[in-house]
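The file work01.csv comes next; it holds CSV, C-alpha atoms.
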```csv
chain,number,residue,atom,x,y,z
A,1,MET,CA,-87.2,-4.8,8.0
A,2,PHE,CA,-85.5,-4.6,4.6
A,3,HIS,CA,-85.4,-1.6,2.3
A,4,ASP,CA,-87.1,-1.9,-1.1
A,5,GLN,CA,-84.1,-2.6,-3.3
A,6,SER,CA,-86.0,-1.4,-6.4
A,7,LYS,CA,-85.2,2.1,-5.2
A,8,SER,CA,-82.0,3.0,-7.1
A,9,LYS,CA,-79.6,5.6,-5.8
A,10,SER,CA,-78.8,8.7,-7.8
A,11,ASN,CA,-75.7,9.3,-9.7
A,12,THR,CA,-74.3,11.5,-6.9
A,13,PHE,CA,-71.5,10.2,-4.8
A,14,HIS,CA,-72.3,8.8,-1.3
A,15,SER,CA,-69.9,8.4,1.5
A,16,GLY,CA,-70.0,7.8,5.2
A,17,PHE,CA,-68.7,6.0,8.3
A,18,VAL,CA,-70.0,2.8,9.8
A,19,ALA,CA,-69.0,1.3,13.1
A,20,ILE,CA,-68.7,-2.4,13.8
A,21,VAL,CA,-69.4,-3.7,17.3
A,22,GLY,CA,-69.8,-7.0,19.0
A,23,ARG,CA,-68.4,-9.5,21.5
A,24,PRO,CA,-64.9,-10.9,20.8
A,25,ASN,CA,-64.8,-13.8,18.2
A,26,VAL,CA,-68.2,-13.1,16.6
A,27,GLY,CA,-66.5,-12.6,13.2
A,28,LYS,CA,-65.8,-8.8,13.0
A,29,SER,CA,-62.4,-9.4,11.3
A,30,THR,CA,-63.7,-12.1,9.1
A,31,LEU,CA,-66.5,-9.8,7.8
A,32,MET,CA,-64.1,-6.9,7.3
A,33,ASN,CA,-61.7,-9.1,5.3
A,34,HIS,CA,-64.4,-10.4,3.1
A,35,VAL,CA,-65.8,-7.0,2.4
A,36,ILE,CA,-62.4,-5.5,1.6
A,37,GLY,CA,-61.3,-8.6,-0.4
A,38,GLN,CA,-58.1,-9.4,1.5
A,39,LYS,CA,-56.8,-9.7,5.0
A,40,ILE,CA,-56.1,-6.3,6.6
A,41,ALA,CA,-55.1,-5.2,10.1
A,42,ILE,CA,-56.6,-7.4,12.8
A,43,MET,CA,-59.1,-6.1,15.3
A,44,SER,CA,-58.4,-6.5,19.0
A,45,ASP,CA,-60.7,-6.1,21.9
A,46,LYS,CA,-57.8,-5.2,24.2
A,47,PRO,CA,-58.2,-1.7,25.6
A,48,GLN,CA,-54.5,-0.9,25.0
A,49,THR,CA,-54.9,-1.0,21.2
A,50,THR,CA,-55.6,2.0,19.0
A,51,ARG,CA,-59.2,3.1,19.3
A,52,ASN,CA,-61.6,4.2,16.6
A,53,LYS,CA,-59.0,3.5,14.0
A,54,ILE,CA,-60.2,3.2,10.4
A,55,HIS,CA,-59.7,-0.4,9.4
A,56,GLY,CA,-61.3,-0.8,6.0
A,57,VAL,CA,-62.4,1.3,3.0
A,58,TYR,CA,-65.1,-0.2,0.7
A,59,THR,CA,-65.5,1.6,-2.6
A,60,LYS,CA,-67.8,0.8,-5.5
A,61,GLU,CA,-69.1,3.1,-8.3
A,62,ASN,CA,-70.8,6.0,-6.5
A,63,THR,CA,-70.3,4.8,-2.9
A,64,GLN,CA,-67.5,4.7,-0.4
A,65,ILE,CA,-68.0,3.2,3.1
A,66,VAL,CA,-65.3,3.7,5.7
A,67,PHE,CA,-65.6,1.0,8.4
A,68,LEU,CA,-64.5,1.9,12.0
A,69,ASP,CA,-63.4,-0.2,14.8
A,70,THR,CA,-64.5,1.1,18.2
A,71,PRO,CA,-63.4,0.6,21.8
A,72,GLY,CA,-64.9,-2.6,23.1
A,73,ILE,CA,-68.2,-2.0,24.9
A,74,HIS,CA,-67.7,-3.9,28.1
A,75,LYS,CA,-68.7,-4.1,31.7
A,76,ARG,CA,-66.6,-1.4,33.3
A,77,LYS,CA,-64.3,-2.1,36.2
A,78,SER,CA,-62.7,1.3,36.5
A,79,LYS,CA,-62.9,5.0,35.6
A,80,LEU,CA,-60.9,4.1,32.6
A,81,GLY,CA,-63.6,1.6,31.6
A,82,ASP,CA,-66.2,4.4,32.1
A,83,TYR,CA,-64.1,6.6,29.8
A,84,MET,CA,-63.7,4.0,27.1
A,85,ASN,CA,-67.4,3.2,27.1
A,86,GLN,CA,-68.2,6.8,26.7
A,87,VAL,CA,-65.7,7.2,23.8
A,88,ALA,CA,-67.3,4.2,22.1
A,89,LEU,CA,-70.9,5.6,22.6
A,90,ASN,CA,-69.8,9.0,21.4
A,91,THR,CA,-68.3,7.5,18.3
A,92,LEU,CA,-71.4,5.4,17.6
A,93,ASN,CA,-73.5,8.5,17.6
A,94,GLU,CA,-71.4,10.2,15.0
A,95,VAL,CA,-71.4,7.5,12.3
A,96,GLU,CA,-74.1,6.8,9.7
A,97,ALA,CA,-74.9,3.3,10.9
A,98,VAL,CA,-73.7,0.7,13.5
A,99,LEU,CA,-73.3,-3.0,12.6
A,100,PHE,CA,-73.9,-5.1,15.7
A,101,LEU,CA,-72.4,-8.5,15.0
A,102,VAL,CA,-73.6,-11.6,16.9
A,103,ASP,CA,-72.8,-15.3,16.6
A,104,VAL,CA,-76.0,-17.2,16.1
A,105,SER,CA,-74.1,-20.5,16.7
A,106,THR,CA,-73.6,-19.7,20.3
A,107,GLY,CA,-76.9,-18.0,20.9
A,108,LEU,CA,-77.8,-14.9,22.9
A,109,GLY,CA,-75.4,-14.4,25.8
A,110,SER,CA,-74.8,-12.0,28.6
A,111,GLY,CA,-72.2,-10.2,26.6
A,112,ASP,CA,-74.7,-9.5,23.8
A,113,LYS,CA,-77.3,-8.3,26.3
A,114,TYR,CA,-74.8,-5.9,27.8
A,115,VAL,CA,-73.9,-4.4,24.4
A,116,ILE,CA,-77.6,-4.1,23.6
A,117,GLU,CA,-78.2,-2.1,26.7
A,118,GLN,CA,-75.4,0.3,25.7
A,119,LEU,CA,-76.7,0.5,22.1
A,120,LYS,CA,-80.1,1.7,23.5
A,121,LYS,CA,-78.3,5.0,24.3
A,122,VAL,CA,-77.3,5.4,20.6
A,123,LYS,CA,-79.3,7.5,18.2
A,124,THR,CA,-77.6,6.0,15.2
A,125,PRO,CA,-79.5,3.3,13.3
A,126,VAL,CA,-78.3,-0.1,14.5
A,127,ILE,CA,-78.3,-3.1,12.1
A,128,LEU,CA,-78.3,-6.5,13.7
A,129,VAL,CA,-75.9,-8.8,11.7
A,130,MET,CA,-76.5,-12.4,12.5
A,131,ASN,CA,-73.2,-14.1,11.6
A,132,LYS,CA,-72.3,-17.8,11.2
A,133,ILE,CA,-75.8,-18.9,9.8
A,134,ASP,CA,-74.0,-21.7,8.1
A,135,GLN,CA,-73.4,-23.3,11.5
A,136,VAL,CA,-77.1,-23.6,12.4
A,137,HIS,CA,-80.3,-25.1,10.9
A,138,PRO,CA,-82.3,-22.5,9.0
A,139,GLU,CA,-85.4,-23.3,11.1
A,140,SER,CA,-83.6,-22.2,14.3
A,141,LEU,CA,-83.1,-18.6,13.0
A,142,PRO,CA,-86.6,-17.2,13.5
A,143,PRO,CA,-86.7,-17.9,17.3
A,144,ILE,CA,-83.2,-16.4,17.7
A,145,ILE,CA,-84.3,-13.3,15.8
A,146,LEU,CA,-87.3,-13.1,18.1
A,147,GLN,CA,-85.0,-13.2,21.1
A,148,TYR,CA,-83.0,-10.2,19.9
A,149,ASN,CA,-86.1,-8.3,18.8
A,150,GLU,CA,-87.5,-8.5,22.2
A,151,LEU,CA,-84.5,-6.7,23.6
A,152,HIS,CA,-84.1,-3.9,21.0
A,153,GLU,CA,-85.8,-2.5,18.0
A,154,PHE,CA,-83.2,-2.8,15.2
A,155,ALA,CA,-83.2,-0.8,12.0
A,156,GLU,CA,-82.5,-3.9,10.0
A,157,ILE,CA,-81.7,-7.6,10.6
A,158,VAL,CA,-79.4,-9.3,8.2
A,159,PRO,CA,-78.3,-13.0,8.5
A,160,ILE,CA,-74.9,-13.7,7.0
A,161,SER,CA,-71.9,-16.0,6.9
A,162,ALA,CA,-68.8,-13.8,6.9
A,163,LEU,CA,-66.6,-16.8,6.3
A,164,SER,CA,-68.3,-18.1,3.2
A,165,GLY,CA,-69.6,-14.7,2.1
A,166,ASN,CA,-73.2,-15.9,2.1
A,167,ASN,CA,-75.6,-12.8,2.1
A,168,VAL,CA,-72.7,-10.3,2.7
A,169,ASN,CA,-73.6,-8.5,-0.6
A,170,ARG,CA,-77.1,-8.2,0.7
A,171,LEU,CA,-75.8,-6.6,3.9
A,172,LEU,CA,-73.8,-4.1,1.8
A,173,ASP,CA,-76.9,-3.3,-0.3
A,174,VAL,CA,-78.9,-2.6,2.9
A,175,LEU,CA,-76.1,-0.6,4.4
A,176,GLU,CA,-75.8,1.7,1.3
A,177,HIS,CA,-79.3,3.1,2.0
A,178,TYR,CA,-77.9,4.7,5.2
A,179,ILE,CA,-74.9,6.4,3.5
A,180,PRO,CA,-75.6,10.1,2.6
A,181,GLU,CA,-74.2,12.2,-0.2
A,182,GLY,CA,-70.5,13.1,0.5
A,183,PRO,CA,-67.0,13.3,-0.9
A,184,GLN,CA,-64.7,10.4,-1.8
A,185,TYR,CA,-62.3,10.3,1.1
A,186,TYR,CA,-60.0,7.7,-0.4
A,187,PRO,CA,-58.7,6.7,-3.8
A,188,ASP,CA,-60.6,3.8,-5.5
A,189,ASP,CA,-57.8,1.3,-4.8
A,190,GLN,CA,-57.1,2.2,-1.1
A,191,ILE,CA,-58.6,-0.5,1.2
A,192,THR,CA,-57.2,0.1,4.6
A,193,ASP,CA,-56.3,2.9,7.0
A,194,HIS,CA,-53.0,4.1,5.7
A,195,PRO,CA,-52.9,6.9,6.6
A,196,GLU,CA,-55.4,8.3,9.1
A,197,GLN,CA,-53.8,11.6,8.4
A,198,PHE,CA,-55.7,11.9,5.2
A,199,VAL,CA,-59.1,12.1,6.9
A,200,VAL,CA,-57.8,14.4,9.5
A,201,ALA,CA,-56.5,16.8,6.8
A,202,GLU,CA,-59.8,16.5,5.0
A,203,LEU,CA,-61.7,17.4,8.2
A,204,ILE,CA,-59.6,20.5,8.6
A,205,ARG,CA,-60.0,21.5,5.0
A,206,GLU,CA,-63.8,21.0,5.3
A,207,LYS,CA,-64.0,23.6,8.0
A,208,ILE,CA,-62.0,26.0,5.9
A,209,LEU,CA,-64.4,25.4,3.0
A,210,ASN,CA,-67.4,26.1,5.3
A,211,LEU,CA,-66.0,29.3,6.8
A,212,THR,CA,-64.5,31.0,3.7
A,213,ARG,CA,-65.8,32.0,0.3
A,214,GLU,CA,-64.8,33.2,-3.2
A,215,GLU,CA,-61.4,32.1,-4.3
A,216,ILE,CA,-60.2,30.7,-0.9
A,217,PRO,CA,-61.8,27.2,-1.0
A,218,HIS,CA,-60.1,26.4,-4.3
A,219,SER,CA,-56.7,27.6,-3.2
A,220,ILE,CA,-56.5,25.5,0.0
A,221,ALA,CA,-54.4,22.4,0.7
A,222,VAL,CA,-53.8,20.8,4.1
A,223,THR,CA,-51.0,18.5,5.1
A,224,ILE,CA,-50.4,16.8,8.5
A,225,GLU,CA,-46.8,17.5,9.4
A,226,ASP,CA,-46.9,15.5,12.7
A,227,MET,CA,-49.5,13.3,14.4
A,228,ARG,CA,-48.6,11.2,17.4
A,229,VAL,CA,-50.0,10.0,20.7
A,230,GLN,CA,-48.3,11.7,23.6
A,231,GLU,CA,-47.6,10.0,27.0
A,232,ASN,CA,-50.8,11.5,28.5
A,233,GLY,CA,-52.9,9.8,25.7
A,234,VAL,CA,-53.6,13.1,23.9
A,235,VAL,CA,-53.1,13.0,20.2
A,236,TYR,CA,-50.8,15.8,19.0
A,237,ILE,CA,-51.5,17.1,15.5
A,238,SER,CA,-49.5,19.7,13.6
A,239,ALA,CA,-51.1,20.7,10.4
A,240,VAL,CA,-50.1,23.2,7.7
A,241,ILE,CA,-52.7,25.0,5.6
A,242,PHE,CA,-51.3,26.1,2.2
A,243,VAL,CA,-52.7,29.0,0.3
A,244,GLU,CA,-51.5,30.6,-2.9
A,245,ARG,CA,-51.3,34.3,-2.0
A,246,ASP,CA,-50.4,36.5,1.0
A,247,SER,CA,-53.9,38.0,1.0
A,248,GLN,CA,-55.4,34.6,1.3
A,249,LYS,CA,-53.2,33.8,4.3
A,250,GLY,CA,-54.6,36.9,6.1
A,251,ILE,CA,-58.1,35.8,5.3
A,252,VAL,CA,-57.6,32.3,6.7
A,253,ILE,CA,-55.9,33.6,9.8
A,254,GLY,CA,-58.6,36.2,10.4
A,255,LYS,CA,-58.5,39.3,12.7
A,256,GLN,CA,-56.3,38.5,15.6
A,257,GLY,CA,-56.3,34.9,14.6
A,258,ALA,CA,-60.0,34.5,15.1
A,259,LEU,CA,-60.9,32.5,12.0
A,260,LEU,CA,-57.9,30.1,12.4
A,261,LYS,CA,-59.0,29.4,16.0
A,262,GLU,CA,-62.5,28.7,14.8
A,263,ILE,CA,-61.2,26.3,12.1
A,264,GLY,CA,-59.2,24.5,14.7
A,265,LYS,CA,-62.1,24.4,17.2
A,266,LEU,CA,-64.6,22.9,14.7
A,267,ALA,CA,-62.0,20.5,13.1
A,268,ARG,CA,-60.9,19.3,16.5
A,269,LYS,CA,-64.4,18.2,17.5
A,270,ASP,CA,-64.8,16.0,14.4
A,271,ILE,CA,-61.2,14.7,14.7
A,272,GLU,CA,-61.8,13.7,18.3
A,273,ASN,CA,-65.0,11.9,17.3
A,274,LEU,CA,-63.1,10.1,14.6
A,275,LEU,CA,-60.1,9.1,16.8
A,276,GLY,CA,-61.9,8.7,20.1
A,277,SER,CA,-59.1,10.6,21.8
A,278,LYS,CA,-58.5,14.1,23.0
A,279,THR,CA,-56.4,16.1,20.6
A,280,TYR,CA,-54.0,19.1,20.8
A,281,MET,CA,-53.7,20.7,17.4
A,282,GLU,CA,-51.4,23.4,16.0
A,283,LEU,CA,-52.4,25.0,12.7
A,284,TRP,CA,-50.0,26.9,10.5
A,285,VAL,CA,-50.8,28.9,7.4
A,286,LYS,CA,-48.1,29.1,4.7
A,287,VAL,CA,-48.0,30.5,1.2
A,288,LYS,CA,-47.0,28.3,-1.8
A,289,LYS,CA,-47.6,30.6,-4.7
A,290,ASP,CA,-49.6,29.0,-7.5
A,291,TRP,CA,-49.1,25.5,-5.9
A,292,ARG,CA,-51.9,24.0,-7.9
A,293,ASN,CA,-50.0,24.3,-11.1
A,294,GLN,CA,-46.5,23.2,-10.0
A,295,ASP,CA,-45.8,19.5,-10.2
A,296,ARG,CA,-43.1,19.5,-7.5
A,297,ILE,CA,-45.3,21.3,-5.0
A,298,LEU,CA,-48.2,19.0,-5.8
A,299,ARG,CA,-46.0,15.9,-5.1
A,300,ASP,CA,-44.8,17.5,-1.8
A,301,LEU,CA,-48.4,18.0,-0.8
A,302,GLY,CA,-49.2,14.3,-1.5
A,303,PHE,CA,-51.0,14.7,-4.8
A,304,ARG,CA,-50.1,12.2,-7.5
A,305,HIS,CA,-51.1,12.1,-11.2
A,306,ASP,CA,-52.0,8.4,-10.9
A,307,SER,CA,-54.3,8.8,-7.8
```

Mind converting the file's structure to structure tokens?
Amino acid sequence: MFHDQSKSKSNTFHSGFVAIVGRPNVGKSTLMNHVIGQKIAIMSDKPQTTRNKIHGVYTKENTQIVFLDTPGIHKRKSKLGDYMNQVALNTLNEVEAVLFLVDVSTGLGSGDKYVIEQLKKVKTPVILVMNKIDQVHPESLPPIILQYNELHEFAEIVPISALSGNNVNRLLDVLEHYIPEGPQYYPDDQITDHPEQFVVAELIREKILNLTREEIPHSIAVTIEDMRVQENGVVYISAVIFVERDSQKGIVIGKQGALLKEIGKLARKDIENLLGSKTYMELWVKVKKDWRNQDRILRDLGFRHDS
């Protein structure tokens, strides 16, 4: 079930999103903290907490993996539960891989079985991560693996101990084979989710790059002026698209605002998949002449020489 590690990756950059799911107390936070190298924001299974928030960014050489927390997949007791489960499943279908963490020391339980049933609806490759192997005898692992294999066909099965770090590097090596070519979303030294606005801005900019040509892509910067959860649960986003010339502003807006609407439509779809929430987005286009060559403007837009 493991990839041939002799296959080396190319020199191109690879990046992508990976979701971590599992019952409470199976070691999700412990795994995250070990991968990142220090303790970061805790993960909660309570439905009131922020959902689909980026918790950890792992970067090495030519690869960056952004780990996502997802709403807890649970036995629903209300329409809200239905909604949360659907949000989780939608998110799982949008990432490059799903890590399904289980606790081998407690064995296969009803909670695991329920999560597996939901994972069967997911098209994304699911990697079974068997945590806490340091708490069981090695000879007990094969029958446990067989139990899980009978319930679902996993893309990979990797036994680890998140607490000691045993075999975690092996898990990362396996995971890298599922990460496609892509941009580096975060600086090398950024390890957690401050701020989410960065990815949102990049998703908006990506749509502009895909829908425009010639000089426009190189003259675009996007900043998030406001991003907050409203009382109705909808995430409000106000974003400014900066261009360098008045003619570029007209191109980005398009005839009767058609292109700007299309940018917003496409970006909102990806942003909602990322956040797991409905969004209301306002896009503004402003001219900052020759902004790429002015230090003050670059600082105002969040660019730093040391980043």

>> Between CA of Ile160 (chain A) and CA of Asp134 (chain A), what distance in Å does the model show, to one decimal?
In response: 8.1 Å

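The neighbours of region 142-144 of chain A here are the residues that come within 8 Å of it, using all atoms listed in the file and leaving out any residue fewer than 3 positions away in the same chain; they are Val104, Gly107, Leu108, Glu139, Gln147 and Tyr148 of chain A.
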
> Near Tyr280 (chain A), within 10 Å and counting all atoms listed in the file, which residues show up once chain neighbours fewer than 2 positions away are dropped, as number ranges by chain?
Replying inline: A: 227, 229-230, 234-238, 264, 268, 272, 277-278, 282

>> For His34 (chain A), find every residue with an atom within 12 Å (counting all atoms listed in the file), except residues of its own chain fewer than 3 positions away, and show them as a ChimeraX atom specification.
In response: /A:27-31,37-40,56-58,160-169,172,191

> So how far away is CA of Ile251 (chain A) from CA of Glu225 (chain A), in Å?
Replying inline: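 These atoms are spaced 21.9 Å apart.
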
> Nearest to Lys261 (chain A): which of A:Ile179, A:Ile65, A:Ile208, A:Val35 is it, counting only C-alpha atoms?
Replying inline: A:Ile208

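Coordinates place CA of Gln64 (chain A) at a distance of 20.9 Å from CA of Leu101 (chain A).
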
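Ranking A:Val199, A:Leu89, A:Val222, A:Val136 by their shortest atom-to-atom distance to Thr106 (chain A), with only C-alpha atoms included, puts A:Val136 first.
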
>> At a cut-off of 9 Å around the point (-55.6, 27.6, 1.5) (file coordinates), what residues fall inside when counting all atoms listed in the file? I'd like the answer as a ChimeraX atom specification.
In response: /A:205,208,216-222,241-245,248-249,252,285-287

>> Restricting the calculation to only C-alpha atoms: of A:Leu259, A:Val66, A:Val115, A:Ile224, which residue gets closest to Arg23 (chain A)?
In response: A:Val115

> Which of these residues is nearest to Val21 (chain A), using only C-alpha atoms: A:Leu99, A:Asp295, A:Lys123, A:Leu141?
Replying inline: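 Checking each of A:Leu99, A:Asp295, A:Lys123, A:Leu141 against Val21 (chain A), counting only C-alpha atoms, the winner is A:Leu99.
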
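Here the question is which of A:Ile253, A:Val174, A:Val126, A:Leu119 gets nearest to Phe154 (chain A) using all atoms listed in the file, and that residue is A:Val126.
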
>> Restricting the calculation to all atoms listed in the file: of A:Asp300, A:Ile127, A:Phe198, A:Thr279, which residue gets closest to Tyr178 (chain A)?
In response: A:Ile127

>> Need the shell around Leu274 (chain A): protein/DNA/RNA residues with any atom at most 7 Å away, counting only C-alpha atoms. Skip same-chain ones fewer than 2 positions apart. Format as a PyMOL selection string?
In response: chain A and resi 52+91+270-272+276

Can region 118-133 of chain A be brought up to N, CA, C and O atoms and written out as an mmCIF file, in the frame of the given file?
```
data_model
loop_
_atom_site.group_PDB
_atom_site.id
_atom_site.type_symbol
_atom_site.label_atom_id
_atom_site.label_comp_id
_atom_site.auth_asym_id
_atom_site.auth_seq_id
_atom_site.Cartn_x
_atom_site.Cartn_y
_atom_site.Cartn_z
ATOM 1 N N GLN A 118 -76.177 -0.896 26.035
ATOM 2 C CA GLN A 118 -75.400 0.300 25.700
ATOM 3 C C GLN A 118 -75.893 0.896 24.358
ATOM 4 O O GLN A 118 -75.943 2.113 24.188
ATOM 5 N N LEU A 119 -76.260 0.024 23.424
ATOM 6 C CA LEU A 119 -76.700 0.500 22.100
ATOM 7 C C LEU A 119 -78.052 1.234 22.211
ATOM 8 O O LEU A 119 -78.391 2.036 21.339
ATOM 9 N N LYS A 120 -78.807 0.976 23.268
ATOM 10 C CA LYS A 120 -80.100 1.700 23.500
ATOM 11 C C LYS A 120 -79.839 3.187 23.677
ATOM 12 O O LYS A 120 -80.742 3.995 23.488
ATOM 13 N N LYS A 121 -78.621 3.550 24.060
ATOM 14 C CA LYS A 121 -78.300 5.000 24.300
ATOM 15 C C LYS A 121 -77.872 5.655 22.992
ATOM 16 O O LYS A 121 -77.649 6.854 22.975
ATOM 17 N N VAL A 122 -77.756 4.876 21.918
ATOM 18 C CA VAL A 122 -77.300 5.400 20.600
ATOM 19 C C VAL A 122 -78.411 5.796 19.739
ATOM 20 O O VAL A 122 -79.384 5.068 19.596
ATOM 21 N N LYS A 123 -78.297 6.972 19.134
ATOM 22 C CA LYS A 123 -79.300 7.500 18.200
ATOM 23 C C LYS A 123 -79.131 6.949 16.795
ATOM 24 O O LYS A 123 -80.057 6.953 15.988
ATOM 25 N N THR A 124 -77.919 6.519 16.507
ATOM 26 C CA THR A 124 -77.600 6.000 15.200
ATOM 27 C C THR A 124 -78.351 4.727 14.870
ATOM 28 O O THR A 124 -78.536 3.905 15.765
ATOM 29 N N PRO A 125 -78.811 4.531 13.627
ATOM 30 C CA PRO A 125 -79.500 3.300 13.300
ATOM 31 C C PRO A 125 -78.529 2.074 13.531
ATOM 32 O O PRO A 125 -77.355 2.098 13.154
ATOM 33 N N VAL A 126 -79.054 1.049 14.184
ATOM 34 C CA VAL A 126 -78.300 -0.100 14.500
ATOM 35 C C VAL A 126 -78.798 -1.315 13.665
ATOM 36 O O VAL A 126 -79.987 -1.651 13.724
ATOM 37 N N ILE A 127 -77.913 -1.922 12.882
ATOM 38 C CA ILE A 127 -78.300 -3.100 12.100
ATOM 39 C C ILE A 127 -77.749 -4.333 12.755
ATOM 40 O O ILE A 127 -76.553 -4.448 13.040
ATOM 41 N N LEU A 128 -78.643 -5.251 13.051
ATOM 42 C CA LEU A 128 -78.300 -6.500 13.700
ATOM 43 C C LEU A 128 -77.771 -7.457 12.579
ATOM 44 O O LEU A 128 -78.518 -7.810 11.666
ATOM 45 N N VAL A 129 -76.500 -7.856 12.683
ATOM 46 C CA VAL A 129 -75.900 -8.800 11.700
ATOM 47 C C VAL A 129 -75.721 -10.119 12.378
ATOM 48 O O VAL A 129 -74.900 -10.272 13.275
ATOM 49 N N MET A 130 -76.505 -11.089 11.938
ATOM 50 C CA MET A 130 -76.500 -12.400 12.500
ATOM 51 C C MET A 130 -75.519 -13.303 11.781
ATOM 52 O O MET A 130 -75.845 -13.843 10.713
ATOM 53 N N ASN A 131 -74.322 -13.446 12.340
ATOM 54 C CA ASN A 131 -73.200 -14.100 11.600
ATOM 55 C C ASN A 131 -73.242 -15.645 11.951
ATOM 56 O O ASN A 131 -73.818 -16.105 12.929
ATOM 57 N N LYS A 132 -72.560 -16.382 11.081
ATOM 58 C CA LYS A 132 -72.300 -17.800 11.200
ATOM 59 C C LYS A 132 -73.648 -18.629 11.013
ATOM 60 O O LYS A 132 -73.871 -19.654 11.668
ATOM 61 N N ILE A 133 -74.495 -18.161 10.074
ATOM 62 C CA ILE A 133 -75.800 -18.900 9.800
ATOM 63 C C ILE A 133 -75.501 -20.238 9.189
ATOM 64 O O ILE A 133 -76.382 -21.112 9.197
#
```
